[in-house]
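See structure below.
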Amino acid sequence: MTIYNLGSINADLFYSLPHLPLPGETLASTTFSRGLGGKGANMSVAAARAGARCAHIGAVGPDGAWAVERLTEYGVDTRPVVTLPEATGHALILVDAAGENSIVLYPGANRALSETHIADVLAQATAADTFLTQNETNLQREAAEIAASKGMRVVYAAAPFDADAVQAVLPLLNMLVLNEVEAQQLEQATGLSPDKLPVADVVMTLGAKGCRWFHDGQAQDFAALKVTPVDTTGAGDTFTGYLLAGLDRGMPMAQAIALAQKAGALMVTRHGTADVIPDLKDVQDAFRT
Ligand code: RIB
């Protein structure tokens, strides 16, 4: 089976800082590095590194061949990535001494995809496949409609959070993945707590407190693994990619969540995003008991 991921591809520009800048403050960074990222690309790489077949539906600009090459090297099917006239998306990622971040996005080509292209790619998909998207491209609702009409498992990771964007796809979803703050924001917008949302499976990550899965109004908690974070960027994306790869392989939800938690926990001990997402062997070795 295949995970079709409509998602962003960014150049991630990382700056390490003693603290995140205050309004009007100028700060010198202690390190700088550049890598492959984008919530979409990170999820595709995570799914591929977890052993799934993942086809990435996305776009880069004329300056983005390096990003497509890298995604391919990491095991992602990049045939559905198009090159458009707009510049490749990029992200300025400021990371403080505790590993927390602030991100500024330039969407560029990520938001210039055409519905025809997405429909052409999804024409190959079947009801056995998964459709995943997040909020860094255009046409999320249109793509989710096509996927739902084919009977695919439709999954939305509600990041970066936008209440209108989530509500546009909510009726089409089989699964929603979001963090605690995003769940609170969604509750403010809809009046619905996660257990009351009209989605069969809601997976809410809780950072250092673990994770909660809502199914049929029932909640199940998963304790966090103890690690010392150096950079939380991309950990949620890694969690989601591993979760879907596990489900795609036929794992029960609880087992897929446990695997995804391990991958996310290992990811926060690494600096960077797509380039450092751990593979399945790394994840299993890190938490072997
Ligand atoms: O979730 C982390 C990602 O957010 C980064 O890779 C950056 O590109 C932004 O999309």
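A note on labels: chains of the structure tokens are A, B, ... as shown, every chain counts residues from 1, and ligands are counted from 1 in their shown order.
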
Query - Distance query Gly40 (chain A) at most 10 Å, only C-alpha atoms, self and fewer than 5 positions along chain excluded, as a count of residues only - result: 22

Report task. Can you tell me which residues come within 8 Å of ligand 1 when counting only C-alpha atoms and all ligand atoms, ideally as a ChimeraX atom specification? Result -> /A:8-12,36-42,90-93,103-105,136,159-160,233-237,273-274

For the residues in that selection, give me N, CA and C atoms as a compact mmCIF listing (two decimals), in the first residue's frame.
# COMPACT_ATOMS: atom_id res chain seq x y z
N SER A 8 4.48 20.07 1.90
CA SER A 8 5.48 21.09 1.60
C SER A 8 6.88 20.50 1.48
N ILE A 9 7.70 21.21 0.72
CA ILE A 9 9.14 20.92 0.63
C ILE A 9 9.85 22.26 0.86
N ASN A 10 10.65 22.33 1.91
CA ASN A 10 11.32 23.59 2.24
C ASN A 10 12.82 23.43 2.36
N ALA A 11 13.53 24.52 2.11
CA ALA A 11 14.91 24.62 2.57
C ALA A 11 14.82 25.13 4.00
N ASP A 12 15.34 24.38 4.95
CA ASP A 12 15.33 24.80 6.36
C ASP A 12 16.63 25.49 6.70
N LEU A 36 17.16 19.93 4.41
CA LEU A 36 15.85 19.68 3.80
C LEU A 36 14.79 19.64 4.90
N GLY A 37 13.65 20.28 4.63
CA GLY A 37 12.56 20.25 5.60
C GLY A 37 11.23 20.52 4.95
N GLY A 38 10.34 21.09 5.74
CA GLY A 38 8.94 21.22 5.35
C GLY A 38 8.18 20.13 6.07
N LYS A 39 7.06 20.49 6.66
CA LYS A 39 6.32 19.46 7.42
C LYS A 39 5.98 18.28 6.52
N GLY A 40 5.61 18.57 5.26
CA GLY A 40 5.26 17.50 4.34
C GLY A 40 6.45 16.60 4.06
N ALA A 41 7.56 17.21 3.66
CA ALA A 41 8.76 16.42 3.34
C ALA A 41 9.21 15.62 4.55
N ASN A 42 9.17 16.23 5.73
CA ASN A 42 9.59 15.51 6.94
C ASN A 42 8.71 14.27 7.16
N HIS A 90 10.88 28.07 1.86
CA HIS A 90 11.95 27.96 2.86
C HIS A 90 11.44 28.35 4.24
N ALA A 91 12.20 27.96 5.23
CA ALA A 91 11.82 28.23 6.63
C ALA A 91 13.04 28.74 7.39
N LEU A 92 12.84 29.85 8.10
CA LEU A 92 13.87 30.32 9.05
C LEU A 92 13.53 29.70 10.39
N ILE A 93 14.44 28.89 10.92
CA ILE A 93 14.15 28.16 12.16
C ILE A 93 15.11 28.62 13.24
N ILE A 103 9.49 29.52 14.04
CA ILE A 103 9.70 29.29 12.61
C ILE A 103 8.97 30.36 11.80
N VAL A 104 9.67 30.90 10.79
CA VAL A 104 9.05 31.80 9.81
C VAL A 104 9.07 31.08 8.47
N LEU A 105 7.90 30.98 7.84
CA LEU A 105 7.79 30.24 6.58
C LEU A 105 7.64 31.15 5.38
N GLU A 136 0.61 23.30 4.81
CA GLU A 136 1.67 24.13 4.20
C GLU A 136 1.58 24.13 2.67
N ALA A 159 -1.08 21.23 11.29
CA ALA A 159 0.02 22.15 11.52
C ALA A 159 0.53 22.68 10.19
N PRO A 160 0.94 23.96 10.13
CA PRO A 160 0.74 24.98 11.14
C PRO A 160 -0.76 25.20 11.33
N THR A 233 12.41 20.51 16.66
CA THR A 233 11.91 20.75 15.29
C THR A 233 11.75 19.42 14.54
N GLY A 234 10.59 19.22 13.95
CA GLY A 234 10.37 18.03 13.11
C GLY A 234 10.00 16.78 13.89
N ALA A 235 9.95 16.86 15.22
CA ALA A 235 9.63 15.64 16.00
C ALA A 235 8.17 15.24 15.78
N GLY A 236 7.27 16.21 15.73
CA GLY A 236 5.86 15.91 15.48
C GLY A 236 5.68 15.31 14.09
N ASP A 237 6.41 15.84 13.12
CA ASP A 237 6.33 15.31 11.75
C ASP A 237 6.83 13.86 11.71
N THR A 273 16.17 18.48 10.56
CA THR A 273 14.82 18.00 10.22
C THR A 273 14.91 16.78 9.30
N ALA A 274 14.48 16.87 8.05
CA ALA A 274 14.39 15.65 7.22
C ALA A 274 15.70 14.87 7.16

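Residues lying within 12 Å of Leu186 (chain A), counting only C-alpha atoms and ignoring same-chain neighbours fewer than 6 positions away, are A:Ala158, A:Ala159, A:Phe161, A:Asp162, A:Ala163, A:Asp164, A:Ala165, A:Val166, A:Gln167, A:Leu170, A:Leu176, A:Val177, A:Leu178, A:Asn179, A:Glu180, A:Leu192, A:Ser193, A:Pro194, A:Asp195, A:Lys196, A:Leu197, A:Met204.
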
Just C-alpha atoms for this one: save the residues we selected as a tab-separated table (two decimals), in the first residue's frame.
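As written to disk, part03.tsv reads:
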chain	number	residue	atom	x	y	z
A	158	ALA	CA	-3.22	20.20	11.79
A	159	ALA	CA	0.02	22.15	11.52
A	161	PHE	CA	-2.60	25.43	12.90
A	162	ASP	CA	-5.34	27.38	11.19
A	163	ALA	CA	-8.89	26.86	12.42
A	164	ASP	CA	-10.47	27.48	9.01
A	165	ALA	CA	-8.09	25.05	7.28
A	166	VAL	CA	-8.86	22.25	9.76
A	167	GLN	CA	-12.59	22.84	9.62
A	170	LEU	CA	-12.79	17.87	9.10
A	176	LEU	CA	-6.65	13.89	12.81
A	177	VAL	CA	-3.21	14.33	14.36
A	178	LEU	CA	-2.60	17.45	16.42
A	179	ASN	CA	-0.83	18.67	19.54
A	180	GLU	CA	-2.39	19.89	22.78
A	192	LEU	CA	-15.84	20.53	20.35
A	193	SER	CA	-13.29	18.82	22.58
A	194	PRO	CA	-11.10	16.19	20.84
A	195	ASP	CA	-13.32	13.30	22.01
A	196	LYS	CA	-16.37	14.97	20.44
A	197	LEU	CA	-14.88	15.72	17.02
A	204	MET	CA	-3.18	14.27	20.31

Query raised in the report: In Å to one decimal, how far is CA of Glu73 (chain A) from CA of Asp275 (chain A)?
Result: 10.3 Å

**Report entry** Contact residues around Pro278 (chain A) with only C-alpha atoms at 7 Å, ignoring same-chain residues under 3 positions, as JSON, numbers by chain
**Finding:** {"A": [49, 263, 267, 282, 283]}

Residues from the last selection, N, CA and C atoms, saved as a compact mmCIF listing (two decimals), in the first residue's frame:
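Now in result_26.txt:
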# COMPACT_ATOMS: atom_id res chain seq x y z
N ARG A 49 11.40 6.09 5.96
CA ARG A 49 12.42 5.50 6.84
C ARG A 49 11.81 4.45 7.76
N ALA A 263 10.12 7.02 17.68
CA ALA A 263 10.78 7.77 16.61
C ALA A 263 10.83 9.27 16.96
N MET A 267 14.11 11.61 17.67
CA MET A 267 14.29 12.79 16.81
C MET A 267 14.64 14.04 17.62
N ASP A 282 17.50 2.41 13.74
CA ASP A 282 17.93 3.37 14.77
C ASP A 282 16.90 3.44 15.89
N VAL A 283 15.63 3.48 15.51
CA VAL A 283 14.55 3.62 16.50
C VAL A 283 14.50 2.38 17.38

Requested in this report: Identify, with DSSP run on backbone atoms, the residues in region 20-106 of chain A assigned to helix (DSSP H, G or I), and express the list as a list in words.
Outcome: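 Written out, the helix (DSSP H, G or I) residues of region 20-106 of chain A are Lys39, Gly40, Ala41, Asn42, Met43, Ser44, Val45, Ala46, Ala47, Ala48, Arg49, Ala65, Trp66, Ala67, Val68, Glu69, Arg70, Leu71, Thr72 and Glu73 of chain A.
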
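Nearest residue to Trp213 (chain A), choosing from A:Met253, A:Leu139, A:Ala245, A:Met1 and counting only C-alpha atoms: A:Met253.
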
Query raised in the report: Quick one: of A:Val203, A:Val181, A:Ile277, A:Ala127, who's nearest to Ala254 (chain A), counting only C-alpha atoms?
Result: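 Closest candidate: A:Val203.
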
Query - Nearest-residue call for Pro85 (chain A), choices A:Val230, A:Cys54, A:Leu266, A:Ala109, using only C-alpha atoms - result: A:Ala109

Query raised in the report: When DSSP works through the backbone of this structure, what residues of region 11-201 of chain A end up as strand (DSSP E), shown as number ranges by chain?
Result: A: 11-16, 31-37, 53-60, 81-83, 89-95, 101-106, 130-133, 153-157, 175-179, 201

Store the residues picked out above, limited to N, CA and C atoms, as a short mmCIF file (atom, residue, chain, number, x, y, z; two decimals), in the first residue's frame.
data_model
loop_
_atom_site.label_atom_id
_atom_site.label_comp_id
_atom_site.auth_asym_id
_atom_site.auth_seq_id
_atom_site.Cartn_x
_atom_site.Cartn_y
_atom_site.Cartn_z
N ALA A 11 13.53 24.52 2.11
CA ALA A 11 14.91 24.62 2.57
C ALA A 11 14.82 25.13 4.00
N ASP A 12 15.34 24.38 4.95
CA ASP A 12 15.33 24.80 6.36
C ASP A 12 16.63 25.49 6.70
N LEU A 13 16.55 26.72 7.17
CA LEU A 13 17.73 27.50 7.56
C LEU A 13 17.71 27.61 9.08
N PHE A 14 18.65 26.93 9.71
CA PHE A 14 18.66 26.82 11.18
C PHE A 14 19.63 27.82 11.81
N TYR A 15 19.16 28.51 12.82
CA TYR A 15 20.00 29.43 13.60
C TYR A 15 19.89 29.04 15.07
N SER A 16 21.03 28.73 15.72
CA SER A 16 21.00 28.46 17.17
C SER A 16 21.20 29.76 17.92
N THR A 31 25.30 29.11 15.75
CA THR A 31 25.56 28.21 14.62
C THR A 31 24.53 28.49 13.54
N PHE A 32 24.89 28.09 12.32
CA PHE A 32 23.96 28.16 11.19
C PHE A 32 24.11 26.89 10.37
N SER A 33 23.00 26.32 9.92
CA SER A 33 23.09 25.21 8.97
C SER A 33 21.85 25.21 8.09
N ARG A 34 21.94 24.49 6.98
CA ARG A 34 20.85 24.45 6.00
C ARG A 34 20.55 22.99 5.70
N GLY A 35 19.28 22.65 5.59
CA GLY A 35 18.94 21.27 5.30
C GLY A 35 17.59 21.17 4.61
N LEU A 36 17.16 19.93 4.41
CA LEU A 36 15.85 19.68 3.80
C LEU A 36 14.79 19.64 4.90
N GLY A 37 13.65 20.28 4.63
CA GLY A 37 12.56 20.25 5.60
C GLY A 37 11.23 20.52 4.95
N ARG A 53 5.92 2.69 1.62
CA ARG A 53 6.04 3.30 0.30
C ARG A 53 5.30 4.63 0.38
N CYS A 54 6.02 5.70 0.15
CA CYS A 54 5.42 7.03 0.28
C CYS A 54 5.65 7.82 -0.99
N ALA A 55 4.56 8.28 -1.60
CA ALA A 55 4.65 9.13 -2.80
C ALA A 55 4.35 10.56 -2.37
N HIS A 56 5.30 11.45 -2.65
CA HIS A 56 5.13 12.85 -2.20
C HIS A 56 4.54 13.70 -3.32
N ILE A 57 3.38 14.31 -3.05
CA ILE A 57 2.76 15.23 -4.02
C ILE A 57 3.16 16.63 -3.58
N GLY A 58 3.98 17.30 -4.37
CA GLY A 58 4.45 18.61 -3.93
C GLY A 58 5.09 19.37 -5.08
N ALA A 59 5.69 20.50 -4.73
CA ALA A 59 6.30 21.36 -5.75
C ALA A 59 7.53 22.05 -5.20
N VAL A 60 8.49 22.23 -6.09
CA VAL A 60 9.65 23.07 -5.80
C VAL A 60 9.77 24.11 -6.92
N VAL A 81 6.41 15.10 -7.67
CA VAL A 81 6.88 16.46 -7.31
C VAL A 81 7.12 17.22 -8.61
N VAL A 82 6.48 18.39 -8.74
CA VAL A 82 6.62 19.18 -9.96
C VAL A 82 7.53 20.39 -9.70
N THR A 83 8.12 20.90 -10.79
CA THR A 83 8.92 22.12 -10.70
C THR A 83 8.10 23.27 -11.30
N GLY A 89 9.94 26.74 -1.37
CA GLY A 89 9.64 27.24 -0.04
C GLY A 89 10.85 27.18 0.88
N HIS A 90 10.88 28.07 1.86
CA HIS A 90 11.95 27.96 2.86
C HIS A 90 11.44 28.35 4.24
N ALA A 91 12.20 27.96 5.23
CA ALA A 91 11.82 28.23 6.63
C ALA A 91 13.04 28.74 7.39
N LEU A 92 12.84 29.85 8.10
CA LEU A 92 13.87 30.32 9.05
C LEU A 92 13.53 29.70 10.39
N ILE A 93 14.44 28.89 10.92
CA ILE A 93 14.15 28.16 12.16
C ILE A 93 15.11 28.62 13.24
N LEU A 94 14.56 29.27 14.25
CA LEU A 94 15.37 29.76 15.37
C LEU A 94 15.23 28.75 16.50
N VAL A 95 16.35 28.24 16.99
CA VAL A 95 16.30 27.21 18.05
C VAL A 95 17.02 27.76 19.28
N ASN A 101 11.66 26.11 19.44
CA ASN A 101 11.91 26.86 18.21
C ASN A 101 10.83 27.90 17.91
N SER A 102 11.19 28.81 17.02
CA SER A 102 10.24 29.70 16.35
C SER A 102 10.54 29.58 14.87
N ILE A 103 9.49 29.52 14.04
CA ILE A 103 9.70 29.29 12.61
C ILE A 103 8.97 30.36 11.80
N VAL A 104 9.67 30.90 10.79
CA VAL A 104 9.05 31.80 9.81
C VAL A 104 9.07 31.08 8.47
N LEU A 105 7.90 30.98 7.84
CA LEU A 105 7.79 30.24 6.58
C LEU A 105 7.64 31.15 5.38
N TYR A 106 8.31 30.80 4.29
CA TYR A 106 8.00 31.40 2.99
C TYR A 106 7.45 30.25 2.13
N THR A 130 -3.38 5.36 1.74
CA THR A 130 -3.61 6.45 2.71
C THR A 130 -3.34 7.78 2.02
N PHE A 131 -4.16 8.78 2.34
CA PHE A 131 -3.89 10.15 1.90
C PHE A 131 -3.59 10.99 3.14
N LEU A 132 -2.47 11.69 3.08
CA LEU A 132 -2.03 12.53 4.22
C LEU A 132 -1.82 13.95 3.72
N THR A 133 -2.20 14.93 4.52
CA THR A 133 -1.80 16.30 4.20
C THR A 133 -1.67 17.12 5.48
N ARG A 153 -7.89 6.08 3.30
CA ARG A 153 -7.81 6.59 4.67
C ARG A 153 -7.30 8.04 4.57
N VAL A 154 -8.07 9.00 5.07
CA VAL A 154 -7.72 10.42 4.90
C VAL A 154 -7.26 10.96 6.25
N VAL A 155 -6.03 11.46 6.28
CA VAL A 155 -5.40 11.90 7.53
C VAL A 155 -4.92 13.34 7.38
N TYR A 156 -5.16 14.12 8.41
CA TYR A 156 -4.72 15.53 8.39
C TYR A 156 -3.91 15.80 9.65
N ALA A 157 -2.73 16.36 9.45
CA ALA A 157 -1.92 16.84 10.58
C ALA A 157 -2.12 18.34 10.65
N MET A 175 -8.74 10.37 10.24
CA MET A 175 -7.83 10.57 11.38
C MET A 175 -7.31 12.00 11.40
N LEU A 176 -7.21 12.55 12.61
CA LEU A 176 -6.65 13.89 12.81
C LEU A 176 -5.50 13.76 13.81
N VAL A 177 -4.37 14.33 13.45
CA VAL A 177 -3.21 14.33 14.36
C VAL A 177 -2.92 15.79 14.72
N LEU A 178 -2.86 16.07 16.00
CA LEU A 178 -2.60 17.45 16.42
C LEU A 178 -1.97 17.46 17.81
N ASN A 179 -1.40 18.61 18.20
CA ASN A 179 -0.83 18.67 19.54
C ASN A 179 -1.85 19.34 20.48
N ASP A 201 -10.63 8.68 14.49
CA ASP A 201 -9.43 8.59 15.33
C ASP A 201 -8.79 9.98 15.44
#

Requested in this report: Between CA of Thr2 (chain A) and CA of Ala48 (chain A), measure the distance and give it in Å to one decimal.
Outcome: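 So the two atoms, CA of Thr2 (chain A) and CA of Ala48 (chain A), lie 10.2 Å apart.
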
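Distances here use only C-alpha atoms; by that measure, the residue among A:Asn174, A:Ser44, A:Ser114, A:Thr190 closest to Thr72 (chain A) is A:Ser44.
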
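Distances to Pro229 (chain A) were evaluated for A:Glu182, A:Asp248, A:Asp63, A:Glu100 using only C-alpha atoms, and the minimum falls at A:Glu100.
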
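Interatomic distance, CA of Arg70 (chain A) to CA of Met43 (chain A): 14.0 Å.
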